[in-house]
$ cat target02.pdb   # PDB, C-alpha atoms, pLDDT in the B column
ATOM      1  CA  MET A   1      -7.241 -42.507 -80.957  1.00 52.00           C
ATOM      2  CA  GLN A   2      -8.504 -39.029 -80.257  1.00 64.00           C
ATOM      3  CA  TYR A   3     -11.624 -37.796 -82.037  1.00 70.00           C
ATOM      4  CA  ILE A   4     -11.978 -34.156 -83.060  1.00 71.00           C
ATOM      5  CA  ASP A   5     -14.772 -33.507 -80.529  1.00 70.00           C
ATOM      6  CA  GLU A   6     -12.451 -34.639 -77.733  1.00 71.00           C
ATOM      7  CA  ARG A   7     -10.242 -31.649 -78.610  1.00 73.00           C
ATOM      8  CA  ILE A   8     -13.020 -29.148 -79.373  1.00 75.00           C
ATOM      9  CA  ILE A   9     -15.153 -29.683 -76.266  1.00 71.00           C
ATOM     10  CA  PRO A  10     -12.344 -28.830 -73.780  1.00 71.00           C
ATOM     11  CA  LEU A  11     -11.641 -25.666 -75.796  1.00 71.00           C
ATOM     12  CA  LYS A  12     -15.312 -24.698 -75.551  1.00 71.00           C
ATOM     13  CA  MET A  13     -15.243 -25.395 -71.803  1.00 64.00           C
ATOM     14  CA  ASP A  14     -12.135 -23.201 -71.374  1.00 63.00           C
ATOM     15  CA  TYR A  15     -13.818 -20.411 -73.339  1.00 67.00           C
ATOM     16  CA  ARG A  16     -17.008 -20.685 -71.266  1.00 63.00           C
ATOM     17  CA  GLU A  17     -15.001 -20.661 -68.027  1.00 58.00           C
ATOM     18  CA  LYS A  18     -13.133 -17.522 -69.096  1.00 60.00           C
ATOM     19  CA  GLN A  19     -16.480 -15.858 -69.778  1.00 63.00           C
ATOM     20  CA  THR A  20     -18.054 -17.082 -66.521  1.00 66.00           C
ATOM     21  CA  PRO A  21     -15.487 -17.951 -63.844  1.00 71.00           C
ATOM     22  CA  MET A  22     -16.457 -21.150 -62.064  1.00 82.00           C
ATOM     23  CA  SER A  23     -15.148 -22.495 -58.778  1.00 88.00           C
ATOM     24  CA  LEU A  24     -16.270 -24.461 -55.751  1.00 90.00           C
ATOM     25  CA  GLU A  25     -17.211 -21.147 -54.109  1.00 90.00           C
ATOM     26  CA  THR A  26     -19.294 -19.779 -57.006  1.00 88.00           C
ATOM     27  CA  GLY A  27     -20.516 -23.084 -58.418  1.00 92.00           C
ATOM     28  CA  TYR A  28     -20.111 -24.770 -61.785  1.00 91.00           C
ATOM     29  CA  TYR A  29     -22.434 -24.759 -64.767  1.00 87.00           C
ATOM     30  CA  ILE A  30     -22.861 -28.449 -65.489  1.00 89.00           C
ATOM     31  CA  ASN A  31     -25.254 -29.697 -68.138  1.00 83.00           C
ATOM     32  CA  GLY A  32     -26.778 -26.189 -68.302  1.00 80.00           C
ATOM     33  CA  LYS A  33     -27.502 -26.007 -64.550  1.00 87.00           C
ATOM     34  CA  LEU A  34     -25.629 -24.158 -61.797  1.00 90.00           C
ATOM     35  CA  ILE A  35     -24.338 -26.724 -59.303  1.00 94.00           C
ATOM     36  CA  LYS A  36     -23.440 -25.260 -55.897  1.00 96.00           C
ATOM     37  CA  PHE A  37     -20.917 -26.943 -53.604  1.00 97.00           C
ATOM     38  CA  ALA A  38     -20.923 -27.157 -49.807  1.00 96.00           C
ATOM     39  CA  ARG A  39     -18.347 -28.163 -47.225  1.00 96.00           C
ATOM     40  CA  SER A  40     -18.710 -31.764 -46.063  1.00 95.00           C
ATOM     41  CA  GLU A  41     -16.821 -33.602 -43.347  1.00 94.00           C
ATOM     42  CA  LEU A  42     -16.138 -37.267 -44.048  1.00 94.00           C
ATOM     43  CA  PHE A  43     -14.721 -40.179 -42.043  1.00 92.00           C
ATOM     44  CA  ASP A  44     -15.853 -38.945 -38.615  1.00 91.00           C
ATOM     45  CA  LYS A  45     -14.778 -35.375 -39.453  1.00 90.00           C
ATOM     46  CA  GLN A  46     -11.220 -36.364 -40.462  1.00 89.00           C
ATOM     47  CA  ILE A  47     -11.486 -35.079 -44.045  1.00 92.00           C
ATOM     48  CA  ILE A  48     -13.032 -31.876 -45.405  1.00 93.00           C
ATOM     49  CA  VAL A  49     -14.296 -31.976 -48.978  1.00 95.00           C
ATOM     50  CA  TYR A  50     -16.616 -29.735 -51.013  1.00 97.00           C
ATOM     51  CA  LEU A  51     -19.428 -31.707 -52.652  1.00 98.00           C
ATOM     52  CA  PRO A  52     -22.485 -30.686 -54.681  1.00 98.00           C
ATOM     53  CA  GLU A  53     -25.209 -29.494 -52.308  1.00 97.00           C
ATOM     54  CA  ASP A  54     -27.838 -31.853 -53.678  1.00 95.00           C
ATOM     55  CA  PHE A  55     -25.704 -35.027 -53.513  1.00 97.00           C
ATOM     56  CA  VAL A  56     -26.784 -37.631 -50.970  1.00 97.00           C
ATOM     57  CA  ASP A  57     -25.471 -40.888 -49.543  1.00 96.00           C
ATOM     58  CA  MET A  58     -26.172 -43.581 -52.119  1.00 95.00           C
ATOM     59  CA  PRO A  59     -28.927 -45.897 -50.811  1.00 93.00           C
ATOM     60  CA  GLU A  60     -27.622 -49.351 -49.909  1.00 91.00           C
ATOM     61  CA  GLN A  61     -29.841 -51.201 -52.403  1.00 91.00           C
ATOM     62  CA  ILE A  62     -28.496 -49.038 -55.259  1.00 91.00           C
ATOM     63  CA  CYS A  63     -24.913 -49.504 -53.972  1.00 89.00           C
ATOM     64  CA  ALA A  64     -25.363 -53.265 -54.181  1.00 88.00           C
ATOM     65  CA  LEU A  65     -26.469 -53.004 -57.823  1.00 86.00           C
ATOM     66  CA  LYS A  66     -24.032 -50.342 -58.975  1.00 85.00           C
ATOM     67  CA  TYR A  67     -20.977 -51.577 -57.035  1.00 83.00           C
ATOM     68  CA  PRO A  68     -21.458 -55.338 -56.612  1.00 82.00           C
ATOM     69  CA  PHE A  69     -17.792 -55.989 -55.785  1.00 81.00           C
ATOM     70  CA  SER A  70     -16.459 -56.230 -52.273  1.00 77.00           C
ATOM     71  CA  PRO A  71     -15.252 -54.230 -50.530  1.00 82.00           C
ATOM     72  CA  ARG A  72     -17.296 -51.289 -51.801  1.00 88.00           C
ATOM     73  CA  PRO A  73     -16.048 -47.732 -51.412  1.00 91.00           C
ATOM     74  CA  GLN A  74     -16.459 -46.602 -47.807  1.00 93.00           C
ATOM     75  CA  ILE A  75     -18.368 -43.425 -48.759  1.00 95.00           C
ATOM     76  CA  ILE A  76     -20.459 -42.931 -51.905  1.00 96.00           C
ATOM     77  CA  LYS A  77     -22.124 -39.567 -52.520  1.00 97.00           C
ATOM     78  CA  THR A  78     -24.454 -39.462 -55.506  1.00 97.00           C
ATOM     79  CA  SER A  79     -26.688 -37.158 -57.502  1.00 96.00           C
ATOM     80  CA  LEU A  80     -30.416 -37.730 -57.205  1.00 93.00           C
ATOM     81  CA  THR A  81     -30.334 -39.628 -60.524  1.00 92.00           C
ATOM     82  CA  CYS A  82     -27.400 -41.787 -59.302  1.00 92.00           C
ATOM     83  CA  HIS A  83     -25.584 -41.011 -62.578  1.00 93.00           C
ATOM     84  CA  GLU A  84     -22.825 -38.890 -61.016  1.00 96.00           C
ATOM     85  CA  ASN A  85     -20.937 -40.271 -58.033  1.00 97.00           C
ATOM     86  CA  PHE A  86     -18.097 -39.291 -55.717  1.00 98.00           C
ATOM     87  CA  LEU A  87     -16.454 -42.223 -53.918  1.00 97.00           C
ATOM     88  CA  PHE A  88     -13.966 -42.128 -51.035  1.00 96.00           C
ATOM     89  CA  ASN A  89     -11.754 -44.639 -49.235  1.00 93.00           C
ATOM     90  CA  ILE A  90      -9.065 -44.254 -46.594  1.00 91.00           C
ATOM     91  CA  LEU A  91      -6.148 -46.619 -47.083  1.00 84.00           C
ATOM     92  CA  ASP A  92      -4.122 -46.858 -43.889  1.00 77.00           C
ATOM     93  CA  ASP A  93      -0.332 -47.056 -43.747  1.00 65.00           C
ATOM     94  CA  PRO A  94       0.848 -46.726 -47.342  1.00 66.00           C
ATOM     95  CA  GLY A  95       4.187 -48.184 -46.222  1.00 73.00           C
ATOM     96  CA  GLY A  96       6.160 -45.074 -47.102  1.00 73.00           C
ATOM     97  CA  LEU A  97       4.752 -44.961 -50.633  1.00 75.00           C
ATOM     98  CA  THR A  98       3.740 -41.653 -52.195  1.00 75.00           C
ATOM     99  CA  GLY A  99       0.314 -41.018 -53.655  1.00 76.00           C
ATOM    100  CA  SER A 100       1.893 -41.232 -57.107  1.00 81.00           C
ATOM    101  CA  GLU A 101       3.365 -44.686 -56.403  1.00 82.00           C
ATOM    102  CA  VAL A 102       0.058 -45.939 -55.012  1.00 83.00           C
ATOM    103  CA  ALA A 103      -1.781 -44.460 -58.048  1.00 84.00           C
ATOM    104  CA  HIS A 104       0.496 -46.316 -60.471  1.00 84.00           C
ATOM    105  CA  SER A 105       0.065 -49.566 -58.529  1.00 84.00           C
ATOM    106  CA  PHE A 106      -3.720 -49.113 -58.394  1.00 83.00           C
ATOM    107  CA  ALA A 107      -3.860 -48.370 -62.136  1.00 87.00           C
ATOM    108  CA  MET A 108      -1.821 -51.504 -62.902  1.00 87.00           C
ATOM    109  CA  SER A 109      -4.210 -53.652 -60.869  1.00 85.00           C
ATOM    110  CA  LEU A 110      -7.196 -52.068 -62.675  1.00 84.00           C
ATOM    111  CA  THR A 111      -5.741 -52.826 -66.105  1.00 86.00           C
ATOM    112  CA  ARG A 112      -4.865 -56.392 -65.064  1.00 87.00           C
ATOM    113  CA  THR A 113      -8.405 -56.924 -63.813  1.00 83.00           C
ATOM    114  CA  ASN A 114      -9.990 -55.310 -66.873  1.00 83.00           C
ATOM    115  CA  PRO A 115      -7.637 -55.228 -69.911  1.00 82.00           C
ATOM    116  CA  SER A 116     -10.059 -52.975 -71.829  1.00 83.00           C
ATOM    117  CA  ILE A 117      -9.190 -50.094 -69.466  1.00 86.00           C
ATOM    118  CA  ARG A 118      -6.651 -47.706 -71.000  1.00 87.00           C
ATOM    119  CA  ILE A 119      -4.946 -45.127 -68.804  1.00 88.00           C
ATOM    120  CA  ASP A 120      -3.215 -42.463 -70.853  1.00 77.00           C
ATOM    121  CA  GLU A 121      -1.382 -40.353 -68.322  1.00 85.00           C
ATOM    122  CA  PHE A 122      -0.885 -39.600 -64.654  1.00 91.00           C
ATOM    123  CA  MET A 123      -1.022 -36.021 -63.406  1.00 92.00           C
ATOM    124  CA  THR A 124       0.415 -34.896 -60.083  1.00 92.00           C
ATOM    125  CA  GLU A 125      -0.511 -31.487 -58.677  1.00 92.00           C
ATOM    126  CA  MET A 126      -0.007 -29.682 -55.398  1.00 91.00           C
ATOM    127  CA  THR A 127      -3.214 -28.774 -53.580  1.00 90.00           C
ATOM    128  CA  PRO A 128      -3.786 -25.355 -51.962  1.00 90.00           C
ATOM    129  CA  ALA A 129      -3.253 -27.153 -48.619  1.00 86.00           C
ATOM    130  CA  GLY A 130       0.253 -28.225 -49.764  1.00 87.00           C
ATOM    131  CA  LEU A 131      -0.627 -31.875 -50.379  1.00 86.00           C
ATOM    132  CA  GLU A 132       0.378 -33.895 -53.431  1.00 87.00           C
ATOM    133  CA  ALA A 133      -2.565 -35.266 -55.423  1.00 91.00           C
ATOM    134  CA  THR A 134      -2.065 -37.765 -58.255  1.00 92.00           C
ATOM    135  CA  PHE A 135      -4.806 -38.183 -60.863  1.00 94.00           C
ATOM    136  CA  PHE A 136      -5.593 -40.547 -63.680  1.00 94.00           C
ATOM    137  CA  GLU A 137      -8.701 -41.102 -65.740  1.00 94.00           C
ATOM    138  CA  PHE A 138     -10.229 -43.827 -67.861  1.00 93.00           C
ATOM    139  CA  ASP A 139     -13.467 -44.910 -69.481  1.00 90.00           C
ATOM    140  CA  HIS A 140     -15.098 -48.300 -69.079  1.00 86.00           C
ATOM    141  CA  TYR A 141     -18.367 -49.945 -69.999  1.00 81.00           C
ATOM    142  CA  GLY A 142     -21.113 -50.117 -67.419  1.00 75.00           C
ATOM    143  CA  VAL A 143     -24.253 -52.201 -67.754  1.00 69.00           C
ATOM    144  CA  ASP A 144     -25.890 -49.878 -70.274  1.00 73.00           C
ATOM    145  CA  ALA A 145     -23.450 -47.021 -70.992  1.00 82.00           C
ATOM    146  CA  GLN A 146     -19.850 -45.959 -71.172  1.00 90.00           C
ATOM    147  CA  ILE A 147     -18.638 -44.487 -67.857  1.00 92.00           C
ATOM    148  CA  TYR A 148     -15.977 -41.819 -67.307  1.00 95.00           C
ATOM    149  CA  ASN A 149     -13.813 -42.200 -64.161  1.00 94.00           C
ATOM    150  CA  LEU A 150     -11.459 -39.710 -62.526  1.00 96.00           C
ATOM    151  CA  ILE A 151      -9.296 -41.207 -59.768  1.00 94.00           C
ATOM    152  CA  SER A 152      -7.271 -39.204 -57.236  1.00 94.00           C
ATOM    153  CA  LEU A 153      -4.864 -40.413 -54.572  1.00 91.00           C
ATOM    154  CA  THR A 154      -3.690 -37.964 -51.912  1.00 88.00           C
ATOM    155  CA  VAL A 155      -1.589 -38.551 -48.806  1.00 84.00           C
ATOM    156  CA  ILE A 156      -3.204 -36.834 -45.812  1.00 83.00           C
ATOM    157  CA  GLY A 157      -1.837 -37.391 -42.323  1.00 79.00           C
ATOM    158  CA  GLY A 158       0.129 -40.512 -43.242  1.00 80.00           C
ATOM    159  CA  ARG A 159      -2.864 -42.161 -44.936  1.00 84.00           C
ATOM    160  CA  ILE A 160      -3.854 -42.388 -48.592  1.00 87.00           C
ATOM    161  CA  ILE A 161      -7.233 -40.917 -49.486  1.00 91.00           C
ATOM    162  CA  GLN A 162      -8.472 -42.707 -52.593  1.00 92.00           C
ATOM    163  CA  SER A 163     -11.124 -40.584 -54.270  1.00 95.00           C
ATOM    164  CA  ALA A 164     -13.043 -41.250 -57.444  1.00 96.00           C
ATOM    165  CA  PHE A 165     -15.660 -39.537 -59.531  1.00 98.00           C
ATOM    166  CA  ASN A 166     -17.709 -41.227 -62.229  1.00 96.00           C
ATOM    167  CA  CYS A 167     -20.444 -40.175 -64.615  1.00 96.00           C
ATOM    168  CA  PRO A 168     -21.762 -41.113 -68.061  1.00 95.00           C
ATOM    169  CA  LYS A 169     -19.049 -40.470 -70.639  1.00 93.00           C
ATOM    170  CA  GLN A 170     -21.162 -37.865 -72.434  1.00 92.00           C
ATOM    171  CA  SER A 171     -21.033 -35.702 -69.259  1.00 93.00           C
ATOM    172  CA  LYS A 172     -17.241 -35.986 -68.888  1.00 92.00           C
ATOM    173  CA  PHE A 173     -16.378 -32.519 -70.143  1.00 90.00           C
ATOM    174  CA  ASP A 174     -19.083 -30.862 -68.039  1.00 91.00           C
ATOM    175  CA  TRP A 175     -17.963 -32.545 -64.799  1.00 95.00           C
ATOM    176  CA  ASN A 176     -14.188 -32.980 -65.216  1.00 92.00           C
ATOM    177  CA  LYS A 177     -13.002 -29.593 -63.881  1.00 93.00           C
ATOM    178  CA  ALA A 178     -15.468 -29.547 -60.978  1.00 96.00           C
ATOM    179  CA  ALA A 179     -14.568 -33.102 -59.904  1.00 96.00           C
ATOM    180  CA  LYS A 180     -10.856 -32.346 -60.089  1.00 96.00           C
ATOM    181  CA  ASP A 181     -11.372 -29.196 -57.988  1.00 96.00           C
ATOM    182  CA  VAL A 182     -13.244 -31.254 -55.378  1.00 97.00           C
ATOM    183  CA  PHE A 183     -10.204 -33.531 -55.030  1.00 96.00           C
ATOM    184  CA  LEU A 184      -7.669 -30.682 -55.121  1.00 95.00           C
ATOM    185  CA  HIS A 185      -9.433 -28.859 -52.274  1.00 95.00           C
ATOM    186  CA  MET A 186      -9.621 -31.834 -49.897  1.00 92.00           C
ATOM    187  CA  GLU A 187      -8.083 -31.211 -46.482  1.00 89.00           C
ATOM    188  CA  GLY A 188      -7.334 -33.250 -43.400  1.00 85.00           C
ATOM    189  CA  ILE A 189      -8.451 -32.131 -39.948  1.00 74.00           C
ATOM    190  CA  SER A 190      -5.701 -32.429 -37.363  1.00 60.00           C
TER
END

$ encode --input "target02.pdb" --output "C-alpha cells"
Amino acid sequence: MQYIDERIIPLKMDYREKQTPMSLETGYYINGKLIKFARSELFDKQIIVYLPEDFVDMPEQICALKYPFSPRPQIIKTSLTCHENFLFNILDDPGGLTGSEVAHSFAMSLTRTNPSIRIDEFMTEMTPAGLEATFFEFDHYGVDAQIYNLISLTVIGGRIIQSAFNCPKQSKFDWNKAAKDVFLHMEGIS
C-alpha cells in the first residue's frame, strides 16, 4: 500500500533537483546539508566508485554489531553516525548469469530468509561506462528503526559487483538518487 507522502516526497525532490541540479560532481543536498563525493578505488584498485567525502571504513566493533551475519560485506563505508552505509562485495564467476539474473536470485533468497521483505520491482539501467546495472529496493526492521535498502548488481570484468546502500527509512528520499548515482557511475579498472 502506498501512502500519499510516498508520492509527494519524490515530486518535491524532483522539483528541488530542477531548481538546484545535483550530481556526484556538484554534490547532493541531503538532509539540508551539501554532501560532496570523491573518487575512491576499492578492491585493490579494481573498482572506481564515488563516495561521500566524509564516509569512513566502518570500525570492526560496529561491523560486528550492525552486521552480525557471516560473511559480512567485504567493504563497508559509513557516515560518521553509522546511519548511512555503502556496502560492496565482489562475487567471482557468475557462471554466465547476467546481473539481472543474479539480482532476481539474490532477492528470492532474501525473501525466503526474511518473509517480511517485499520487493516491488527490479530496474535495469545502462551505466555511462556501458555496463548493465540491476537495482531493487526494500525496507526491513533493524534493531530500533525501519531501514531502507537499495541493492545494485553490476557485471564488471566477468565478475558481479554487489553493492548496497542503507539508511533509516525516513532518509530514503534524501539519499535515494545519490546512492543510485554512486552505483551507476561505478567503473572497473582494466

$ atom_distance --input "target02.pdb" --atom1 "CA of Phe165 (chain A)" --atom2 "CA of Asn85 (chain A)"
5.5 Å

$ residues_around --input "target02.pdb" --residues "Arg39 (chain A)" --least-positions-apart "3" --cutoff "7 Å" --atoms "all atoms listed in the file" --output "list in words"
Ile48, Val49, Tyr50 and Leu51 of chain A

$ write_last_selection --input "target02.pdb" --atoms "C-alpha atoms" --output "CSV table (one decimal), in the frame of the given file"
chain,number,residue,atom,x,y,z
A,48,ILE,CA,-13.0,-31.9,-45.4
A,49,VAL,CA,-14.3,-32.0,-49.0
A,50,TYR,CA,-16.6,-29.7,-51.0
A,51,LEU,CA,-19.4,-31.7,-52.7

$ resolve_selection --input "target02.pdb" --expression "the PyMOL selection byres ((chain A and resi 119-134) around 12)" --output "MDAnalysis selection string"
chainID A and resid 1:2 48 98:112 114:118 135:140 148:164 180:189

$ closest_residue --input "target02.pdb" --among "A:Thr26, A:Asn31, A:Ser40, A:Thr81" --to "Met58 (chain A)" --atoms "all atoms listed in the file"
A:Thr81

$ atom_distance --input "target02.pdb" --atom1 "CA of Leu91 (chain A)" --atom2 "CA of Phe43 (chain A)"
11.8 Å

$ resolve_selection --input "target02.pdb" --expression "the PyMOL selection byres ((chain A and resi 59-75) around 9)" --output "list in words"
Leu42, Phe43, Val56, Asp57, Met58, Ile76, Lys77, Cys82, Phe86, Leu87, Phe88, Asn89, Ile90, Gly142 and Val143 of chain A

$ residues_around --input "target02.pdb" --residues "Lys36 (chain A)" --least-positions-apart "5" --cutoff "9 Å" --atoms "all atoms listed in the file" --output "PDB file with C-alpha atoms, in the frame of the given file"
ATOM      1  CA  LEU A  24     -16.270 -24.461 -55.751  1.00 90.00           C
ATOM      2  CA  GLU A  25     -17.211 -21.147 -54.109  1.00 90.00           C
ATOM      3  CA  THR A  26     -19.294 -19.779 -57.006  1.00 88.00           C
ATOM      4  CA  GLY A  27     -20.516 -23.084 -58.418  1.00 92.00           C
ATOM      5  CA  TYR A  28     -20.111 -24.770 -61.785  1.00 91.00           C
ATOM      6  CA  TYR A  29     -22.434 -24.759 -64.767  1.00 87.00           C
ATOM      7  CA  LEU A  51     -19.428 -31.707 -52.652  1.00 98.00           C
ATOM      8  CA  PRO A  52     -22.485 -30.686 -54.681  1.00 98.00           C
ATOM      9  CA  GLU A  53     -25.209 -29.494 -52.308  1.00 97.00           C
ATOM     10  CA  ASP A  54     -27.838 -31.853 -53.678  1.00 95.00           C
TER      11      ASP A  54
END

$ atom_distance --input "target02.pdb" --atom1 "CA of Ser23 (chain A)" --atom2 "CA of Ile9 (chain A)"
18.9 Å

$ axis_aligned_box --input "target02.pdb" --around "region 85-92 of chain A" --padding-each-side "3 Å" --output "lines of an AutoDock Vina configuration file"
center_x = -12.5
center_y = -43.1
center_z = -51.0
size_x = 22.8
size_y = 13.6
size_z = 20.1

$ closest_residue --input "target02.pdb" --among "A:Lys177, A:Lys12, A:His83, A:Lys169" --to "Ile30 (chain A)" --atoms "all atoms listed in the file"
A:Lys177

$ residues_near_point --input "target02.pdb" --point "(-18.8, -39.1, -66.4)" --cutoff "7 Å" --atoms "only C-alpha atoms" --output "list in words"
Glu84, Ile147, Tyr148, Asn149, Asn166, Cys167, Pro168, Lys169, Gln170, Ser171, Lys172 and Trp175 of chain A

$ write_last_selection --input "target02.pdb" --atoms "C-alpha atoms" --output "compact mmCIF listing (two decimals), in the frame of the given file"
# COMPACT_ATOMS: atom_id res chain seq x y z
CA GLU A 84 -22.82 -38.89 -61.02
CA ILE A 147 -18.64 -44.49 -67.86
CA TYR A 148 -15.98 -41.82 -67.31
CA ASN A 149 -13.81 -42.20 -64.16
CA ASN A 166 -17.71 -41.23 -62.23
CA CYS A 167 -20.44 -40.17 -64.61
CA PRO A 168 -21.76 -41.11 -68.06
CA LYS A 169 -19.05 -40.47 -70.64
CA GLN A 170 -21.16 -37.86 -72.43
CA SER A 171 -21.03 -35.70 -69.26
CA LYS A 172 -17.24 -35.99 -68.89
CA TRP A 175 -17.96 -32.54 -64.80
